[in-house]
Amino acid sequence: MKLVIVQWPRVERDLAEHYAYIAQDKVGPAERLLVVANEALDRLARNPSIGTVWKSSRPHLKDLHFYPLPAPYRSYIVFYQVTETQLEVIAVLHGARNLEGVLQDILE
């Protein structure tokens with residue numbers, strides 16, 4: 001059964017920022033990023049277990065999962081939680097960021 005995809009408002013902002021950064025150099029790869037991200041969300045909705053549990057000592061991050069986008073966008077990581085019926089997408093972050101700190105701020 002495919003889960004319903006629910007995106008937090010920041011997901012759209014995250015993707016827009018990534019798009020803008022990549023588009024400074026070339027628009028084609030920036031557009032492809034959005035296609036790859038949407039395909040990845042659909043894949044996760046069909047099979048959420050393909051992601052990995054985020055390991056953290058912070059209790060409110062214990063149910064968080066992550067999934068890197070496919071090549072050549074593996075530096076971009078989807079963070080999500082799963083319920084019985086929903087794939088709740090929390091953020092799409094670049095892996096070079098302080099991910100634990102950003103996630104802490106998002107989920108506080």
# chains A, B, ... in the order shown; residues from 1 in each chain; ligands from 1
$ closest_atom_pairs --of "range 20-49 of chain A" --to "range 76-97 of chain A" --cutoff "9 Å" --atoms "only C-alpha atoms" --output "Markdown table"
| residue | atom | partner | partner_atom | distance |
| --- | --- | --- | --- | --- |
| A:Ala37 | CA | A:Val78 | CA | 8.4 |
| A:Ala40 | CA | A:Val78 | CA | 8.6 |
| A:Leu41 | CA | A:Val78 | CA | 8.2 |
| A:Leu44 | CA | A:Leu87 | CA | 7.5 |
| A:Ala45 | CA | A:Leu87 | CA | 5.9 |
| A:Pro48 | CA | A:Val82 | CA | 7.3 |
$ write_last_selection --atoms "C-alpha atoms" --output "PDB file, in the first residue's frame"
ATOM      1  CA  ALA A  37      13.277  14.541  -5.428  1.00  0.00           C
ATOM      2  CA  ALA A  40      12.337   9.693  -4.436  1.00  0.00           C
ATOM      3  CA  LEU A  41       9.331  10.767  -2.363  1.00  0.00           C
ATOM      4  CA  LEU A  44       9.587   6.229  -0.208  1.00  0.00           C
ATOM      5  CA  ALA A  45       5.785   6.346  -0.081  1.00  0.00           C
ATOM      6  CA  PRO A  48       9.486   3.639   3.415  1.00  0.00           C
TER       7      PRO A  48
END
$ residues_around --residues "range 17-24 of chain A" --least-positions-apart "2" --cutoff "12 Å" --atoms "only C-alpha atoms" --output "ChimeraX atom specification"
/A:10-15,26-37,73,75-77,91-95
$ closest_residue --among "A:Gln104, A:Asn38, A:Gln7, A:Asn98" --to "Pro59 in chain A" --atoms "only C-alpha atoms"
A:Gln104
$ select_by_dssp --residues "chain A" --states "helix (DSSP H, G or I)" --output "PyMOL selection string"
chain A and resi 9-23+27-46+48-50+59-61+99-107
$ closest_residue --among "A:Asp42, A:Val53, A:Glu100, A:Glu108" --to "Met1 in chain A" --atoms "only C-alpha atoms"
A:Asp42
$ closest_residue --among "A:Leu3, A:Ile50, A:Trp8, A:Pro72" --to "Leu107 in chain A" --atoms "only C-alpha atoms"
A:Trp8
$ atom_distance --atom1 "CA of Thr52 in chain A" --atom2 "CA of His65 in chain A"
5.3 Å
$ atom_distance --atom1 "CA of Arg43 in chain A" --atom2 "CA of Pro68 in chain A"
12.0 Å
$ atom_distance --atom1 "CA of Ile5 in chain A" --atom2 "CA of Arg46 in chain A"
9.9 Å
$ select_by_dssp --residues "chain A" --states "strand (DSSP E or B)" --output "ChimeraX atom specification"
/A:4-7,52-53,65-68,76-82,86-94
